[in-house]
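**Q** Sending over protein_21.json (JSON, C-alpha atoms).
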```json
[["chain", "number", "residue", "atom", "x", "y", "z"],
["A", 1, "MET", "CA", -91.50, 4.91, -29.71],
["A", 2, "ASP", "CA", -94.62, 4.65, -27.56],
["A", 3, "VAL", "CA", -94.44, 4.37, -23.78],
["A", 4, "VAL", "CA", -97.43, 3.16, -21.77],
["A", 5, "VAL", "CA", -98.18, 5.57, -18.91],
["A", 6, "GLY", "CA", -101.64, 4.30, -18.05],
["A", 7, "ARG", "CA", -104.66, 2.34, -19.14],
["A", 8, "VAL", "CA", -108.19, 3.72, -19.22],
["A", 9, "ALA", "CA", -110.10, 1.62, -16.72],
["A", 10, "LYS", "CA", -113.57, 3.11, -17.14],
["A", 11, "ALA", "CA", -115.60, 6.22, -17.74],
["A", 12, "HIS", "CA", -116.35, 8.13, -14.56],
["A", 13, "GLY", "CA", -119.20, 10.54, -13.99],
["A", 14, "ILE", "CA", -121.17, 12.48, -16.58],
["A", 15, "ARG", "CA", -118.59, 15.11, -17.54],
["A", 16, "GLY", "CA", -116.31, 12.97, -19.70],
["A", 17, "GLU", "CA", -113.87, 12.01, -16.94],
["A", 18, "LEU", "CA", -111.88, 8.79, -17.16],
["A", 19, "ALA", "CA", -110.54, 6.53, -14.43],
["A", 20, "VAL", "CA", -106.97, 5.56, -15.33],
["A", 21, "ASP", "CA", -104.90, 2.61, -14.12],
["A", 22, "VAL", "CA", -101.56, 4.44, -13.73],
["A", 23, "ARG", "CA", -98.47, 2.62, -15.04],
["A", 24, "THR", "CA", -95.76, 5.23, -14.67],
["A", 25, "ASP", "CA", -93.32, 6.16, -11.93],
["A", 26, "SER", "CA", -94.05, 9.90, -12.21],
["A", 27, "PRO", "CA", -97.82, 10.39, -12.61],
["A", 28, "GLU", "CA", -97.65, 14.00, -11.38],
["A", 29, "ARG", "CA", -95.61, 14.86, -14.47],
["A", 30, "ARG", "CA", -97.32, 12.61, -17.03],
["A", 31, "PHE", "CA", -100.84, 13.60, -15.99],
["A", 32, "ALA", "CA", -100.20, 17.28, -15.25],
["A", 33, "ILE", "CA", -102.85, 19.73, -16.43],
["A", 34, "GLY", "CA", -102.12, 20.61, -20.06],
["A", 35, "ALA", "CA", -100.09, 17.46, -20.76],
["A", 36, "VAL", "CA", -101.02, 15.71, -24.01],
["A", 37, "VAL", "CA", -101.10, 11.92, -24.27],
["A", 38, "THR", "CA", -102.01, 9.70, -27.20],
["A", 39, "ALA", "CA", -104.75, 7.14, -26.65],
["A", 40, "LYS", "CA", -104.66, 4.00, -28.76],
["A", 41, "LEU", "CA", -108.22, 2.93, -29.58],
["A", 42, "ARG", "CA", -109.51, -0.61, -30.06],
["A", 43, "ASP", "CA", -109.98, -0.11, -33.80],
["A", 44, "GLY", "CA", -106.26, 0.64, -34.21],
["A", 45, "SER", "CA", -106.58, 4.40, -34.53],
["A", 46, "SER", "CA", -105.23, 6.91, -32.04],
["A", 47, "ARG", "CA", -106.45, 10.14, -30.48],
["A", 48, "ALA", "CA", -104.66, 12.96, -28.66],
["A", 49, "LEU", "CA", -106.06, 13.72, -25.20],
["A", 50, "THR", "CA", -105.18, 16.85, -23.20],
["A", 51, "MET", "CA", -105.31, 16.70, -19.42],
["A", 52, "ALA", "CA", -107.89, 19.19, -18.14],
["A", 53, "ALA", "CA", -107.99, 18.00, -14.52],
["A", 54, "ALA", "CA", -106.52, 15.32, -12.27],
["A", 55, "ARG", "CA", -107.31, 14.04, -8.83]]
```
Can you dump the structure from the file as structure tokens?

**A**
Amino acid sequence: MDVVVGRVAKAHGIRGELAVDVRTDSPERRFAIGAVVTAKLRDGSSRALTMAAAR
């Protein structure tokens, strides 16, 4: 089962950062450094992303 915790709103900066529209009640846990989330891409594939920083 997949649970939506956020939606990528846009790329931010030149270091690969993403601005995320948060859709969870506990973002400090879901987006903690080291947490892994799965991103569903437009072409139907998916990609694992590991949180390196949050602000």

**Q** Could you check which of A:Asp2, A:Ala32, A:Arg55, A:Arg47 is closest to A:Ala19, using only C-alpha atoms?

**A**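 Among the listed residues, A:Arg55 lies closest to A:Ala19.
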
**Q** Please put the answer as lines of an AutoDock Vina configuration file: centre and edge lengths, in Å with one decimal, of a box along x, y and z that encloses all listed atoms of stretch 31-42 of chain A plus 5 Å on each side.

**A**
```
center_x = -104.8
center_y = 10.0
center_z = -22.7
size_x = 19.4
size_y = 31.2
size_z = 24.8
```

**Q** For atom CA of A:Glu28 and atom CA of A:Asp43, quote the distance in Å rounded to one decimal.

**A**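 Atom-to-atom, atom CA of A:Glu28 and atom CA of A:Asp43 are spaced 29.2 Å apart.
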
**Q** Using only C-alpha atoms, pick whichever of A:Gly6, A:Arg42, A:Ala53, A:Ala48 has the shortest atom-to-atom distance to A:Pro27.

**A**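 Closest residue, counting only C-alpha atoms: A:Gly6.
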
**Q** Have a look at A:Ala52, A:Val4, A:Val20, A:Ala11 and name the one nearest to A:Ala35; count all atoms listed in the file.

**A**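 The answer is A:Ala52, which sits nearest to A:Ala35.
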
**Q** Can you measure atom CA of A:Thr50 to atom CA of A:Ile33 for me? One decimal in Å is fine.

**A**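 Taking atom CA of A:Thr50 as the start and atom CA of A:Ile33 as the end point, the length is 7.7 Å.
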
**Q** Could you give me, as JSON, numbers by chain, the residues that have an atom at most 10 Å away from the point (-95.2, 4.9, -23.7) in the coordinates of the file, using only C-alpha atoms?

**A** {"A": [1, 2, 3, 4, 5, 6, 23, 24, 37, 38]}

**Q** Quick one: distance from atom CA of A:Arg15 to atom CA of A:Leu41 in Å, one decimal?

**A**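 According to the coordinates, atom CA of A:Arg15 and atom CA of A:Leu41 are separated by 20.0 Å.
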
**Q** In terms of the shortest atom-to-atom distance over only C-alpha atoms, which of A:Val36, A:His12, A:Ser26, A:Phe31 is closest to A:Leu49?

**A**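 Smallest separation from A:Leu49 among the options: A:Val36.
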